[in-house]
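Raw contents of input.csv, CSV, C-alpha atoms:
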chain,number,residue,atom,x,y,z
A,33,MET,CA,20.4,49.4,14.0
A,34,GLY,CA,20.3,47.8,17.5
A,35,GLU,CA,23.1,45.9,19.2
A,36,TYR,CA,22.1,42.3,18.7
A,37,LEU,CA,23.6,39.5,20.8
A,38,PRO,CA,23.3,35.8,20.1
A,39,LEU,CA,21.6,33.8,22.7
A,40,PHE,CA,20.4,30.2,22.8
A,41,ILE,CA,17.1,29.7,24.6
A,42,ASP,CA,15.2,26.6,25.6
A,43,PHE,CA,11.8,27.0,24.0
A,44,SER,CA,10.3,23.9,25.4
A,45,GLY,CA,6.9,24.8,26.9
A,46,LYS,CA,7.1,28.4,25.7
A,47,LYS,CA,4.3,29.8,23.6
A,48,VAL,CA,5.2,31.2,20.2
A,49,VAL,CA,2.4,33.0,18.2
A,50,ILE,CA,3.1,33.2,14.5
A,51,PHE,CA,1.0,35.6,12.4
A,52,GLY,CA,0.9,34.5,8.8
A,53,GLY,CA,0.2,31.1,7.2
A,54,GLY,CA,2.3,31.5,4.0
A,55,ALA,CA,5.8,30.3,3.2
A,56,VAL,CA,7.5,32.6,5.7
A,57,GLY,CA,5.1,31.6,8.5
A,58,GLU,CA,5.7,27.9,7.6
A,59,ARG,CA,9.4,28.3,7.9
A,60,LYS,CA,9.1,30.0,11.2
A,61,ALA,CA,6.7,27.3,12.5
A,62,ARG,CA,9.2,24.6,11.6
A,63,TYR,CA,12.0,26.5,13.2
A,64,PHE,CA,10.1,26.9,16.5
A,65,ALA,CA,8.6,23.4,16.4
A,66,PRO,CA,10.0,22.5,19.9
A,67,ALA,CA,7.8,25.3,21.4
A,68,GLU,CA,4.0,25.5,21.8
A,69,VAL,CA,3.4,27.1,18.4
A,70,VAL,CA,0.1,28.8,17.4
A,71,VAL,CA,-0.2,30.0,13.8
A,72,VAL,CA,-2.9,32.7,13.1
A,73,SER,CA,-4.0,33.2,9.6
A,74,PRO,CA,-7.1,32.9,7.4
A,75,ARG,CA,-5.2,30.5,5.1
A,76,PHE,CA,-2.3,28.0,5.6
A,77,THR,CA,0.2,26.2,3.3
A,78,GLU,CA,-0.2,22.5,2.8
A,79,CYS,CA,2.7,21.9,5.1
A,80,LEU,CA,1.2,23.9,7.9
A,81,GLU,CA,-2.1,22.1,7.4
A,82,ALA,CA,-0.2,18.8,7.8
A,83,MET,CA,1.6,20.1,10.9
A,84,GLY,CA,-1.7,21.1,12.4
A,85,GLY,CA,-3.2,17.7,11.6
A,86,GLU,CA,-0.2,16.0,13.3
A,87,GLY,CA,-0.5,18.3,16.4
A,88,LEU,CA,2.9,19.9,15.9
A,89,VAL,CA,1.3,23.3,15.8
A,90,ARG,CA,-2.1,24.8,16.6
A,91,LEU,CA,-3.8,26.6,13.7
A,92,ASP,CA,-6.1,29.5,14.5
A,93,ARG,CA,-8.0,30.2,11.3
A,94,ARG,CA,-9.0,33.8,11.2
A,95,ALA,CA,-8.2,37.1,9.7
A,96,VAL,CA,-5.9,39.1,11.9
A,97,ARG,CA,-7.4,42.4,13.1
A,98,LYS,CA,-5.4,45.1,14.8
A,99,GLU,CA,-7.7,45.1,17.8
A,100,ASP,CA,-7.3,41.4,18.3
A,101,ILE,CA,-3.5,41.2,18.4
A,102,GLY,CA,-3.2,41.9,22.2
A,103,GLY,CA,-5.5,39.0,23.1
A,104,LEU,CA,-3.8,36.7,20.7
A,105,ILE,CA,-0.3,37.2,22.1
A,106,ALA,CA,-1.4,37.0,25.7
A,107,GLY,CA,0.9,34.6,27.6
A,108,ALA,CA,3.3,34.3,24.6
A,109,PHE,CA,7.1,34.4,24.9
A,110,LEU,CA,7.6,35.4,21.3
A,111,ALA,CA,5.3,36.9,18.6
A,112,VAL,CA,6.3,36.4,15.0
A,113,ALA,CA,4.9,38.9,12.4
A,114,ALA,CA,5.1,37.0,9.1
A,115,THR,CA,2.0,38.2,7.2
A,116,GLY,CA,2.2,39.7,3.7
A,117,ASP,CA,1.1,43.1,5.1
A,118,ARG,CA,4.0,45.2,6.3
A,119,ALA,CA,1.8,47.6,8.2
A,120,LEU,CA,0.1,44.8,10.0
A,121,ASN,CA,3.5,43.2,10.8
A,122,ASP,CA,4.5,46.6,12.4
A,123,ASP,CA,1.3,46.7,14.4
A,124,ILE,CA,2.0,43.2,15.7
A,125,ALA,CA,5.6,44.1,16.7
A,126,ARG,CA,4.4,47.2,18.5
A,127,ALA,CA,1.7,45.4,20.3
A,128,ALA,CA,4.2,42.7,21.4
A,129,GLU,CA,6.5,45.4,22.7
A,130,ARG,CA,3.7,47.0,24.7
A,131,SER,CA,2.8,43.6,26.2
A,132,GLY,CA,6.4,42.7,27.1
A,133,VAL,CA,6.5,40.0,24.5
A,134,LEU,CA,9.6,39.5,22.3
A,135,ALA,CA,8.8,40.1,18.6
A,136,ASN,CA,10.3,39.0,15.3
A,137,ASN,CA,9.1,41.1,12.4
A,138,ALA,CA,9.7,39.5,9.0
A,139,THR,CA,9.4,42.7,7.1
A,140,GLY,CA,10.8,45.4,9.4
A,141,GLU,CA,13.0,46.1,12.4
A,142,SER,CA,12.4,44.0,15.5
A,143,PRO,CA,14.1,43.2,18.8
A,144,ALA,CA,14.5,39.5,18.0
A,145,ILE,CA,16.1,38.1,14.8
A,146,VAL,CA,15.7,34.5,13.8
A,147,PRO,CA,19.2,33.4,12.6
A,148,SER,CA,20.1,30.9,9.9
A,149,LEU,CA,20.9,27.7,11.8
A,150,VAL,CA,23.4,24.8,11.1
A,151,GLN,CA,22.8,21.7,13.2
A,152,LYS,CA,24.9,18.6,13.4
A,153,GLY,CA,23.5,16.4,16.2
A,154,GLY,CA,23.8,18.4,19.4
A,155,VAL,CA,26.1,21.0,17.7
A,156,ALA,CA,24.3,24.3,16.6
A,157,VAL,CA,25.8,27.2,14.8
A,158,ALA,CA,23.7,30.4,14.4
A,159,ILE,CA,24.3,32.9,11.7
A,160,SER,CA,22.9,36.4,11.3
A,161,THR,CA,23.6,39.6,9.4
A,162,GLY,CA,21.3,41.6,11.7
A,163,GLY,CA,18.6,41.3,9.1
A,164,ARG,CA,20.6,43.3,6.5
A,165,SER,CA,21.3,40.4,4.1
A,166,PRO,CA,19.3,37.1,4.5
A,167,ALA,CA,21.0,35.9,1.3
A,168,MET,CA,24.4,36.2,3.0
A,169,SER,CA,23.1,34.4,6.0
A,170,ARG,CA,22.0,31.5,3.8
A,171,TYR,CA,25.3,31.5,1.9
A,172,LEU,CA,27.3,31.2,5.1
A,173,ARG,CA,25.0,28.6,6.4
A,174,LEU,CA,25.5,26.4,3.3
A,175,ARG,CA,29.3,26.9,3.5
A,176,ILE,CA,29.5,26.0,7.2
A,177,GLU,CA,27.1,23.1,6.8
A,178,ALA,CA,29.4,21.7,4.1
A,179,SER,CA,32.5,22.0,6.3
A,180,LEU,CA,31.0,20.2,9.4
A,181,GLY,CA,31.6,16.5,9.1
A,182,GLU,CA,29.6,13.8,10.9
A,183,ASP,CA,32.5,13.4,13.3
A,184,VAL,CA,31.7,16.7,15.0
A,185,GLU,CA,29.0,15.2,17.2
A,186,LYS,CA,31.2,12.3,18.1
A,187,MET,CA,34.0,14.7,19.1
A,188,VAL,CA,31.5,16.5,21.4
A,189,ALA,CA,30.7,13.2,23.1
A,190,LEU,CA,34.4,12.4,23.4
A,191,GLN,CA,35.2,15.8,24.9
A,192,GLU,CA,32.3,15.4,27.4
A,193,ARG,CA,33.6,12.0,28.5
A,194,LEU,CA,37.2,13.3,28.7
A,195,ARG,CA,36.2,16.4,30.7
A,196,GLU,CA,34.6,14.2,33.4
A,197,HIS,CA,37.7,12.0,33.6
A,198,LEU,CA,40.0,15.1,33.8
A,199,LYS,CA,38.1,16.6,36.8
A,200,SER,CA,39.5,13.8,39.0
A,201,ALA,CA,42.7,13.1,37.1
A,202,VAL,CA,44.3,16.5,36.5
A,203,ARG,CA,44.7,19.4,38.9
A,204,GLY,CA,44.1,22.9,37.6
A,205,GLN,CA,41.4,24.2,35.2
A,206,ASN,CA,44.0,25.7,32.9
A,207,ARG,CA,45.8,22.4,32.5
A,208,ARG,CA,42.6,20.6,31.8
A,209,GLU,CA,41.6,23.1,29.1
A,210,GLU,CA,45.1,22.7,27.5
A,211,ILE,CA,44.6,18.9,27.3
A,212,LEU,CA,41.1,19.2,25.8
A,213,TRP,CA,42.3,21.6,23.2
A,214,ALA,CA,45.3,19.4,22.4
A,215,VAL,CA,42.8,16.6,21.7
A,216,LEU,CA,40.8,18.8,19.4
A,217,ASP,CA,43.9,19.7,17.5
A,218,ASP,CA,45.1,16.1,17.1
A,219,PRO,CA,44.5,14.7,13.6
A,220,ALA,CA,45.0,11.2,15.0
A,221,VAL,CA,42.0,11.5,17.4
A,222,TRP,CA,39.8,12.8,14.6
A,223,GLU,CA,40.9,9.9,12.4
A,224,ALA,CA,40.2,7.4,15.1
A,225,LEU,CA,36.7,8.7,15.5
A,226,LYS,CA,35.9,7.6,12.0
A,227,SER,CA,36.2,3.9,13.1
A,228,SER,CA,35.7,3.7,16.8
A,229,GLU,CA,34.9,6.0,19.7
A,230,ALA,CA,36.8,3.7,22.0
A,231,ARG,CA,39.9,4.0,19.8
A,232,ALA,CA,39.5,7.8,19.8
A,233,PHE,CA,39.2,7.9,23.6
A,234,GLU,CA,42.4,5.8,23.8
A,235,ALA,CA,44.2,8.2,21.5
A,236,ALA,CA,42.9,11.2,23.5
A,237,MET,CA,44.2,9.7,26.7
A,238,GLY,CA,47.7,9.9,25.3
A,239,HIS,CA,47.5,13.6,26.1
A,240,VAL,CA,46.8,13.0,29.7
A,241,PRO,CA,50.0,12.8,31.9
A,242,LYS,CA,50.4,9.4,33.5
A,243,THR,CA,51.3,11.0,36.8
A,244,ALA,CA,48.5,13.5,36.8
A,245,GLY,CA,46.4,13.7,39.9
A,246,ARG,CA,45.1,15.9,42.8
For the file at hand, write its structure as structure tokens.
Amino acid sequence: MGEYLPLFIDFSGKKVVIFGGGAVGERKARYFAPAEVVVVSPRFTECLEAMGGEGLVRLDRRAVRKEDIGGLIAGAFLAVAATGDRALNDDIARAAERSGVLANNATGESPAIVPSLVQKGGVAVAISTGGRSPAMSRYLRLRIEASLGEDVEKMVALQERLREHLKSAVRGQNRREEILWAVLDDPAVWEALKSSEARAFEAAMGHVPKTAGR
């Protein structure tokens, strides 16, 4: 098994080619919706047909032949092998590797793994077992999803605002980090966030020394 490292990538404007129009291909298409998604398959789920009609993805209705794969993935950033044919998925992954295109193979080993994702506003948590146990990834996703309250995104905004203030108000990166952490660890700030971001910021400012400066 390879050494996988998590990495967040901006997929805006990047081409993703998904082979397979079934339930797995549909899930991958929804996951990569911010990219320029092309789904190649002779048949598509109702959801994929709707996504194609809305212009969210481009549907290429054809049977996938081994000799066509190289041309279909030309210019792609990522190729996703999500057909019901394991041998064909392996062919797609190998063709992508030869072309210098990242590949995700839904039924075999691949250099790129699509993680389970938890999102709360601008906060994203990715979970993966390296492809060994998708069920465990889903279990952890549900547990983490349940533990992240709606105040998480508000706290991110508060921390962003406070960081900007501290850059001019407090000397020393270490000291600024200590203050930001103290705010995160303060139940009163979290409680204030439930009613007012202004009140929360006022509570957070209680951690900033009055005499701080450059």
Excluding Ala106 in chain A and its own-chain neighbours fewer than 4 positions away, which residues fall within 12 Å of it when counting all atoms listed in the file? Please give them as a short mmCIF file (atom, residue, chain, number, x, y, z; two decimals) with C-alpha atoms, in the coordinates of the input.
data_model
loop_
_atom_site.label_atom_id
_atom_site.label_comp_id
_atom_site.auth_asym_id
_atom_site.auth_seq_id
_atom_site.Cartn_x
_atom_site.Cartn_y
_atom_site.Cartn_z
CA LYS A 47 4.30 29.80 23.60
CA VAL A 48 5.20 31.20 20.20
CA VAL A 49 2.40 33.00 18.20
CA VAL A 70 0.10 28.80 17.40
CA ASP A 100 -7.30 41.40 18.30
CA ILE A 101 -3.50 41.20 18.40
CA GLY A 102 -3.20 41.90 22.20
CA LEU A 110 7.60 35.40 21.30
CA ALA A 111 5.30 36.90 18.60
CA ALA A 127 1.70 45.40 20.30
CA ALA A 128 4.20 42.70 21.40
CA GLU A 129 6.50 45.40 22.70
CA ARG A 130 3.70 47.00 24.70
CA SER A 131 2.80 43.60 26.20
CA GLY A 132 6.40 42.70 27.10
CA VAL A 133 6.50 40.00 24.50
CA LEU A 134 9.60 39.50 22.30
#
Straight-line distance linking CA of Arg94 in chain A with CA of Pro143 in chain A, stated in Å to one decimal: 26.1 Å
Protein/DNA/RNA residues near (23.5, 28.1, 10.8), cut 6 Å, all atoms listed in the file, as a ChimeraX atom specification: /A:148-150,157-159,173
List the spatial neighbours of Val184 in chain A as an mmCIF file with C-alpha atoms, in the coordinates of the input - criterion: any atom at most 12 Å away, all atoms listed in the file, same-chain residues fewer than 3 positions off excluded.
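Written out: out-v7.cif:
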data_model
loop_
_atom_site.group_PDB
_atom_site.id
_atom_site.type_symbol
_atom_site.label_atom_id
_atom_site.label_comp_id
_atom_site.auth_asym_id
_atom_site.auth_seq_id
_atom_site.Cartn_x
_atom_site.Cartn_y
_atom_site.Cartn_z
ATOM 1 C CA GLN A 151 22.800 21.700 13.200
ATOM 2 C CA LYS A 152 24.900 18.600 13.400
ATOM 3 C CA GLY A 153 23.500 16.400 16.200
ATOM 4 C CA GLY A 154 23.800 18.400 19.400
ATOM 5 C CA VAL A 155 26.100 21.000 17.700
ATOM 6 C CA ALA A 156 24.300 24.300 16.600
ATOM 7 C CA GLU A 177 27.100 23.100 6.800
ATOM 8 C CA SER A 179 32.500 22.000 6.300
ATOM 9 C CA LEU A 180 31.000 20.200 9.400
ATOM 10 C CA GLY A 181 31.600 16.500 9.100
ATOM 11 C CA MET A 187 34.000 14.700 19.100
ATOM 12 C CA VAL A 188 31.500 16.500 21.400
ATOM 13 C CA ALA A 189 30.700 13.200 23.100
ATOM 14 C CA LEU A 190 34.400 12.400 23.400
ATOM 15 C CA GLN A 191 35.200 15.800 24.900
ATOM 16 C CA LEU A 216 40.800 18.800 19.400
ATOM 17 C CA VAL A 221 42.000 11.500 17.400
ATOM 18 C CA TRP A 222 39.800 12.800 14.600
ATOM 19 C CA GLU A 223 40.900 9.900 12.400
ATOM 20 C CA LEU A 225 36.700 8.700 15.500
ATOM 21 C CA LYS A 226 35.900 7.600 12.000
#
For Val240 in chain A: contacts at 12 Å, only C-alpha atoms, fewer than 5 positions along chain excluded, given as a count of residues only: 22
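With only C-alpha atoms as the basis for measurement, A:Pro66 is the residue among A:Pro66, A:Gly238, A:Pro166, A:Gly87 that approaches Asp42 in chain A most closely.
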Length of the CA of Glu81 in chain A to CA of Val112 in chain A vector [Å]: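 If I compute the distance from CA of Glu81 in chain A to CA of Val112 in chain A, I get 18.2 Å.
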One-decimal distance in Å that lies between CA of Leu120 in chain A and CA of Lys98 in chain A: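 If I compute the distance from CA of Lys98 in chain A to CA of Leu120 in chain A, I get 7.3 Å.
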